[in-house]
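Note sheet for the following structure.
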Amino acid sequence: QSDLKTTLKAVIPERLQLYSHVKKDLSSHQIGTQTVGSVIGGMRGSRALLWESSSVDPNKGVTFHGLTIEECQAALPKSKHESTDPKSEMLPESMFWFLLTGKLPTQSQINTFSSELAHKGDLPEYVVKSLDNLPKTLHPMTQLSIGISMMNNESVFAKAYAKGIPKTDAWEYVLDDVINLIAKLPALVGKIYSNTYYSGKNLGTINMDKDWSYNMASSMGFTLDDSVNIKDLSKSQSNDFVNLVRLYCALHGDHEGGNVSAHATHLVGSSLSDPFLSYSAGVQGLAGPLHGLAAQEVVRFILEMKNAIGGDINHKVKIEEYLWSLLNSNRVIPGYGHGVLRKADPRFTAMIRFGDNRAEEFSKDDNLQLVKNLSAIAPSVLTEHGKTKNPYPNVDSSSGVLFYHYGLQETLFLTVIFGASRALGPLSQLVWDRVYGLPIERPTSVSLKKLAGL
Ligand code: CMX
């Protein structure tokens with residue numbers, strides 16, 4: 001008598017044969033309003049989600065309410081401390097305001113909003129205690145999703161809903177939760193960083209007079225005035241780090257609705273789960289290596305490759321050979337490929353520009369140079385390999401090595417910054433989902449046999 005696994009193993013070959021037939025021969029067949037290829041192919045090409053704040057063109061990349069990255073950089077408010085912070089990048093809270101309202105905020109609106117976020121930035125005591133009790137070996141992304149989901153204890157939407165509210169009022173409570181959630185991310189990120197790598201030591205404070213990104217950098221110990229400067233950065237390096245957080249978080253906040261983290265947030269929110277539960281689902285999706293976790297994979301890959309090619313970062317042949325060795329052992333090249341994009345991701349280019357604008361600081365940074373060299377070599381290797389539809393660098397290709405340069409070298413942690421950033425878009429959409437009173441998501445599933453017409 002066979003056990004469960006053996007029984008399953010025996011039925012797999014026949015099912016796989018049917019799957020291959022459906023994929024190869026029936027992909028263009030229509031089933032309802034979809035093609036069979038879309039049903040079994042991760043819903044590629046299926047226009048099935050309402051998303052207001054950003055869209056992604058396969059060739060031009062992301063635009064936020066129609067504005068390109070450069071246009072946003074020019075138009076969105078920066079740090080209010082212009083005299084001490086002259087090279088400020090656009091603030092993520094400016095991006096959030098824009099994503100949510102479709103209106104460009106004024107500097108004074110953002111000054112007030114940054115202050116509101118700082119004043120709401122404390123973590124509840126029970127969250128701190130619970131995080132302290134988690135195993136230090138727990139992946140930082142798991143800690144992030146636990147921290148966010150626990151704060152549903154604070155949800156004003158969940159409490160109001162339990163009492164009974166008109167559907168038309170739901171968005172206001174959801175907005176309160178969304179602002180509270182975003183406000184608490186800098187302290188949460190700092191706490192996870194400290195617990196995982198610095199034995200829970202208090203690394204910095206939330207400063208009421210500073211913006212969201214400064215406070216994130218501060219709570220991780222990367223600023224000079226308000227934290228312990230654990231990385232021993234100079235003043236200009238510390239300013240650069242804060243600006244890196246600003247640029248990175250503003251740019252990575254939204255990438256239309258179909259990516260896993262955005263879609264998961266939207267899906268869970270459609271059951272009227274509150275924003276804390278909804279976004280913790282998004283964070284769990286972001287923690288997958290084909291999505292946000294690629295941020296950590298890329299840095300490891302760059303370091304491993306540099307080592308494997310003996311530090312010859314300009315040696316084209318050695319780099320090509322290394323890439324082929326990965327592909328031939330059925331591994332992906334992290335930081336390359338995309339579900340929608342068919343050109344280099346403009347967010348990749350913007351992060352490279354960040355380094356280029358600080359040429360002196362990065363002049364001896366082999367990792368960034370290797371990332372740039374790779375972006376000139378990998379596309380032809382991937383094209384020759386012939387599988388990936390987009391052989392160009394994606395969002396995760398360049399950002400990790402920039403953080404690494406300033407001392408954020410705990411690679412497991414990099415996706416947590418992505419997780420803080422990605423709150424901006426999906427949570428702004430969640431408010432609109434409730435404004436429109438969108439229904440619970442409930443597509444219909446179909447069996448392989450049905451697709452095969454059996
Ligand atoms: N290296 C090697 N092979 C790759 C590849 C890469 N970078 N990108 C795609 N392929 C392969 C796929 O694995 C797939 O192979 P199979 O047919 O054997 O399954 C084939 O090419 C076709 O894939 P695709 O249609 O081009 O890409 P998908 O839309 O299925 O997947 C993505 C997109 C990003 C998951 C994929 O390109 C990938 O795995 N990239 C590496 C990981 C990565 O950088 N992820 C970060 C994405 C950005 C983000 O969301 O954060």
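By convention here, the chains of the structure tokens are called A, B, ... in the order presented, each chain's residues are numbered starting at 1, and ligands are numbered starting at 1 in the order presented.
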
Hey, what's within 9 Å of stretch 357-365 of chain A if we count only C-alpha atoms and toss same-chain stuff fewer than 6 positions away? As number ranges by chain, please? A: 237, 240, 405

Name all residues at most 12 Å from A:Ala376 (count only C-alpha atoms; drop same-chain ones fewer than 4 positions away) and give them as a list in words. Asn314, Lys316, Ile319, Glu320, Tyr336, Ala344, Gln369, Leu370, Val371, Lys372, Ser380, Val381, Leu382, Pro391, Tyr392 and Pro393 of chain A

Proximity of chain A to ligand 1: per-residue shortest pair, 9 Å limit, only C-alpha atoms and all ligand atoms, as CSV:
```
residue,atom,partner,partner_atom_place_in_ligand_line,distance
A:Gly41,CA,ligand 1,30 (O),8.0
A:Gly42,CA,ligand 1,30 (O),7.9
A:Arg44,CA,ligand 1,29 (O),7.8
A:Asn259,CA,ligand 1,50 (O),6.6
A:Val260,CA,ligand 1,50 (O),7.6
A:Ser261,CA,ligand 1,50 (O),8.6
A:Leu286,CA,ligand 1,51 (O),7.4
A:Gly288,CA,ligand 1,45 (N),8.8
A:Pro289,CA,ligand 1,45 (N),6.4
A:Leu290,CA,ligand 1,45 (N),4.1
A:His291,CA,ligand 1,50 (O),3.7
A:Gly292,CA,ligand 1,51 (O),4.1
A:Leu293,CA,ligand 1,51 (O),7.1
A:Ala294,CA,ligand 1,46 (C),4.9
A:Ala295,CA,ligand 1,51 (O),7.2
A:Glu297,CA,ligand 1,44 (O),8.2
A:Val298,CA,ligand 1,44 (O),7.6
A:Leu326,CA,ligand 1,2 (C),8.3
A:Leu327,CA,ligand 1,2 (C),6.1
A:Asn330,CA,ligand 1,2 (C),7.6
A:Arg331,CA,ligand 1,2 (C),6.2
A:Val332,CA,ligand 1,1 (N),3.4
A:Ile333,CA,ligand 1,1 (N),3.9
A:Pro334,CA,ligand 1,44 (O),4.2
A:Gly335,CA,ligand 1,44 (O),3.4
A:Tyr336,CA,ligand 1,7 (N),4.0
A:Gly337,CA,ligand 1,37 (O),3.3
A:His338,CA,ligand 1,34 (C),4.0
A:Gly339,CA,ligand 1,29 (O),3.3
A:Val340,CA,ligand 1,29 (O),6.8
A:Leu341,CA,ligand 1,29 (O),9.0
A:Leu382,CA,ligand 1,1 (N),6.9
A:His385,CA,ligand 1,3 (N),8.2
A:Gly386,CA,ligand 1,21 (O),7.7
A:Lys387,CA,ligand 1,21 (O),4.1
A:Thr388,CA,ligand 1,21 (O),3.3
A:Lys389,CA,ligand 1,26 (O),3.7
A:Asn390,CA,ligand 1,26 (O),5.5
A:Pro391,CA,ligand 1,7 (N),7.0
A:Tyr392,CA,ligand 1,7 (N),8.4
A:Pro393,CA,ligand 1,44 (O),7.8
A:Asn394,CA,ligand 1,48 (C),5.7
A:Val395,CA,ligand 1,48 (C),5.7
A:Asp396,CA,ligand 1,51 (O),5.9
A:Ser397,CA,ligand 1,44 (O),7.2
A:Phe418,CA,ligand 1,51 (O),8.8
```

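Residues in contact range of stretch 84-96 of chain A, defined as at most 7 Å between only C-alpha atoms, with sequence neighbours fewer than 4 positions away removed, read Gln73, Leu76, Pro77, Lys78, Ser79, Leu100, Pro105, Ile110, Ser114, Asn243, Arg246, Leu247, Cys249, Ala250, Leu424 and Gly425 of chain A.
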
Please write the residues from the selection above to a file, keeping C-alpha atoms, as an mmCIF file, in the first residue's frame.
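And here's result03.cif as it stands now:
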```
data_model
loop_
_atom_site.group_PDB
_atom_site.id
_atom_site.type_symbol
_atom_site.label_atom_id
_atom_site.label_comp_id
_atom_site.auth_asym_id
_atom_site.auth_seq_id
_atom_site.Cartn_x
_atom_site.Cartn_y
_atom_site.Cartn_z
ATOM 1 C CA GLN A 73 12.150 64.431 -9.149
ATOM 2 C CA LEU A 76 7.858 66.795 -5.815
ATOM 3 C CA PRO A 77 8.835 68.606 -2.579
ATOM 4 C CA LYS A 78 12.185 67.818 -1.001
ATOM 5 C CA SER A 79 13.613 68.337 2.484
ATOM 6 C CA LEU A 100 -3.058 59.264 -3.276
ATOM 7 C CA PRO A 105 1.745 68.841 -2.938
ATOM 8 C CA ILE A 110 4.647 68.278 2.934
ATOM 9 C CA SER A 114 6.230 64.931 7.487
ATOM 10 C CA ASN A 243 19.026 60.815 0.261
ATOM 11 C CA ARG A 246 14.505 59.141 0.019
ATOM 12 C CA LEU A 247 15.104 58.406 -3.647
ATOM 13 C CA CYS A 249 11.609 54.745 -1.316
ATOM 14 C CA ALA A 250 9.944 57.371 -3.517
ATOM 15 C CA LEU A 424 3.109 53.941 -0.457
ATOM 16 C CA GLY A 425 1.357 52.836 -3.639
#
```

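The closest residue to A:Val22, picked from A:Val36, A:Asp122, A:Leu323, A:Ile146 and counting only C-alpha atoms, is A:Val36.
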
Give me, as a tab-separated table, the closest atom pair and its distance (Å, one decimal) for every residue of stretch 14-106 of chain A within a cut-off of 12 Å of stretch 345-355 of chain A, counting only C-alpha atoms, rows sorted by chain and rising number.
```
residue	atom	partner	partner_atom	distance
A:Val56	CA	A:Asp345	CA	10.1
A:Asp57	CA	A:Asp345	CA	10.3
A:Pro58	CA	A:Asp345	CA	9.3
A:Asn59	CA	A:Asp345	CA	8.6
A:Lys60	CA	A:Pro346	CA	7.4
A:Gly61	CA	A:Asp345	CA	6.0
A:Val62	CA	A:Pro346	CA	7.5
A:Thr63	CA	A:Pro346	CA	9.9
A:Thr68	CA	A:Pro346	CA	9.0
A:Ile69	CA	A:Pro346	CA	7.6
A:Glu70	CA	A:Ala350	CA	8.3
A:Glu71	CA	A:Ala350	CA	12.0
A:Cys72	CA	A:Ala350	CA	11.7
A:Gln73	CA	A:Ala350	CA	10.1
A:Lys87	CA	A:Phe354	CA	11.0
A:Ser88	CA	A:Phe354	CA	11.5
A:Glu89	CA	A:Phe354	CA	9.7
```

Contacts of A:Lys159 within 12 Å, only C-alpha atoms, excl. fewer than 5 positions in-chain, as an MDAnalysis selection string: chainID A and resid 152:154 164:165 170 173:174 177 273:274

Tell me, which residues of stretch 196-233 of chain A carry DSSP helix (DSSP H, G or I), written as a short mmCIF file (atom, residue, chain, number, x, y, z; two decimals) with C-alpha atoms, in the first residue's frame?
```cif
data_model
loop_
_atom_site.label_atom_id
_atom_site.label_comp_id
_atom_site.auth_asym_id
_atom_site.auth_seq_id
_atom_site.Cartn_x
_atom_site.Cartn_y
_atom_site.Cartn_z
CA THR A 196 18.69 41.33 14.13
CA TYR A 197 22.17 42.79 14.01
CA TRP A 212 10.23 60.09 7.09
CA SER A 213 13.42 58.89 5.37
CA TYR A 214 15.71 60.81 7.70
CA ASN A 215 13.91 59.15 10.60
CA MET A 216 14.29 55.73 8.99
CA ALA A 217 18.03 56.31 8.58
CA SER A 218 18.20 57.70 12.10
CA SER A 219 16.42 54.73 13.67
#
```

Using only C-alpha atoms: which of A:Val283, A:Leu272, A:Ile230, A:Val317 has the shortest distance to A:Gly437: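 Using only C-alpha atoms, the shortest distance to A:Gly437 belongs to A:Leu272.
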
Within 10 Å of stretch 28-35 of chain A, which residues of stretch 40-82 of chain A show up? Give each one with its shortest atom-to-atom distance in Å (one decimal) and the two atoms involved, counting only C-alpha atoms, rows by chain then rising residue number, as a Markdown table.
```
| residue | atom | partner | partner_atom | distance |
| --- | --- | --- | --- | --- |
| A:Ile40 | CA | A:Thr35 | CA | 9.0 |
| A:Gly41 | CA | A:Thr35 | CA | 9.6 |
| A:Met43 | CA | A:Gln34 | CA | 8.7 |
| A:Arg44 | CA | A:Thr35 | CA | 9.8 |
| A:Gly45 | CA | A:Gln34 | CA | 9.2 |
| A:Ser46 | CA | A:Gln34 | CA | 7.1 |
| A:Arg47 | CA | A:Gln34 | CA | 9.6 |
```

Which of A:Thr265, A:Ser194, A:Ser2, A:Ser145 sits closest to A:Glu410 [using only C-alpha atoms]: A:Ser194

With only C-alpha atoms as the counted atoms, please give the residues lying no more than 8 Å from stretch 132-142 of chain A, apart from itself and same-chain residues fewer than 6 positions off, as a list in words. Ile192, Tyr193, Asn195, Thr196, Gly200, Val283, Gln284, Ala287, Leu412, Phe413, Thr415, Val416 and Gly419 of chain A

With C-alpha atoms retained, write the just-selected residues as a short mmCIF file (atom, residue, chain, number, x, y, z; two decimals), in the first residue's frame.
```
data_model
loop_
_atom_site.label_atom_id
_atom_site.label_comp_id
_atom_site.auth_asym_id
_atom_site.auth_seq_id
_atom_site.Cartn_x
_atom_site.Cartn_y
_atom_site.Cartn_z
CA ILE A 192 14.13 45.04 13.22
CA TYR A 193 17.59 46.16 12.12
CA ASN A 195 17.24 43.38 16.98
CA THR A 196 18.69 41.33 14.13
CA GLY A 200 18.34 45.31 20.32
CA VAL A 283 5.11 42.26 2.41
CA GLN A 284 4.98 38.46 2.42
CA ALA A 287 9.68 38.46 0.36
CA LEU A 412 19.14 39.88 4.24
CA PHE A 413 17.92 43.27 5.37
CA THR A 415 14.27 43.89 1.13
CA VAL A 416 12.96 45.45 4.36
CA GLY A 419 8.98 46.71 2.13
#
```

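Atom CA of A:Leu454 is found 10.4 Å from atom CA of A:Leu18.
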
How many Å separate atom CA of A:Tyr404 from atom CA of A:Leu303? 10.7 Å

Counting only C-alpha atoms, the residue of A:Val11, A:Leu368, A:Ile179, A:Leu188 that sits nearest A:Pro124: A:Leu188

With distances taken over only C-alpha atoms, which residue among A:Leu8, A:Leu244, A:Leu185, A:Leu175 lies nearest A:Thr101? A:Leu175

Which polymer residues have any atom within 8 Å of an atom of A:Trp51, counting only C-alpha atoms, with same-chain residues fewer than 2 positions away left out, as a PyMOL selection string? chain A and resi 49+53-55+256-257+429

Shortest interatomic distance to A:Asn180 - which of A:Thr112, A:Ser428, A:Thr106, A:Ser155, counting only C-alpha atoms: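 Looking only at the distances to A:Asn180, the closest residue turns out to be A:Ser155.
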
Provide the atom CA of A:Gly121 to atom CA of A:Glu52 distance in Å, to one decimal place.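 Value for the atom CA of A:Gly121-atom CA of A:Glu52 distance: 27.1 Å.
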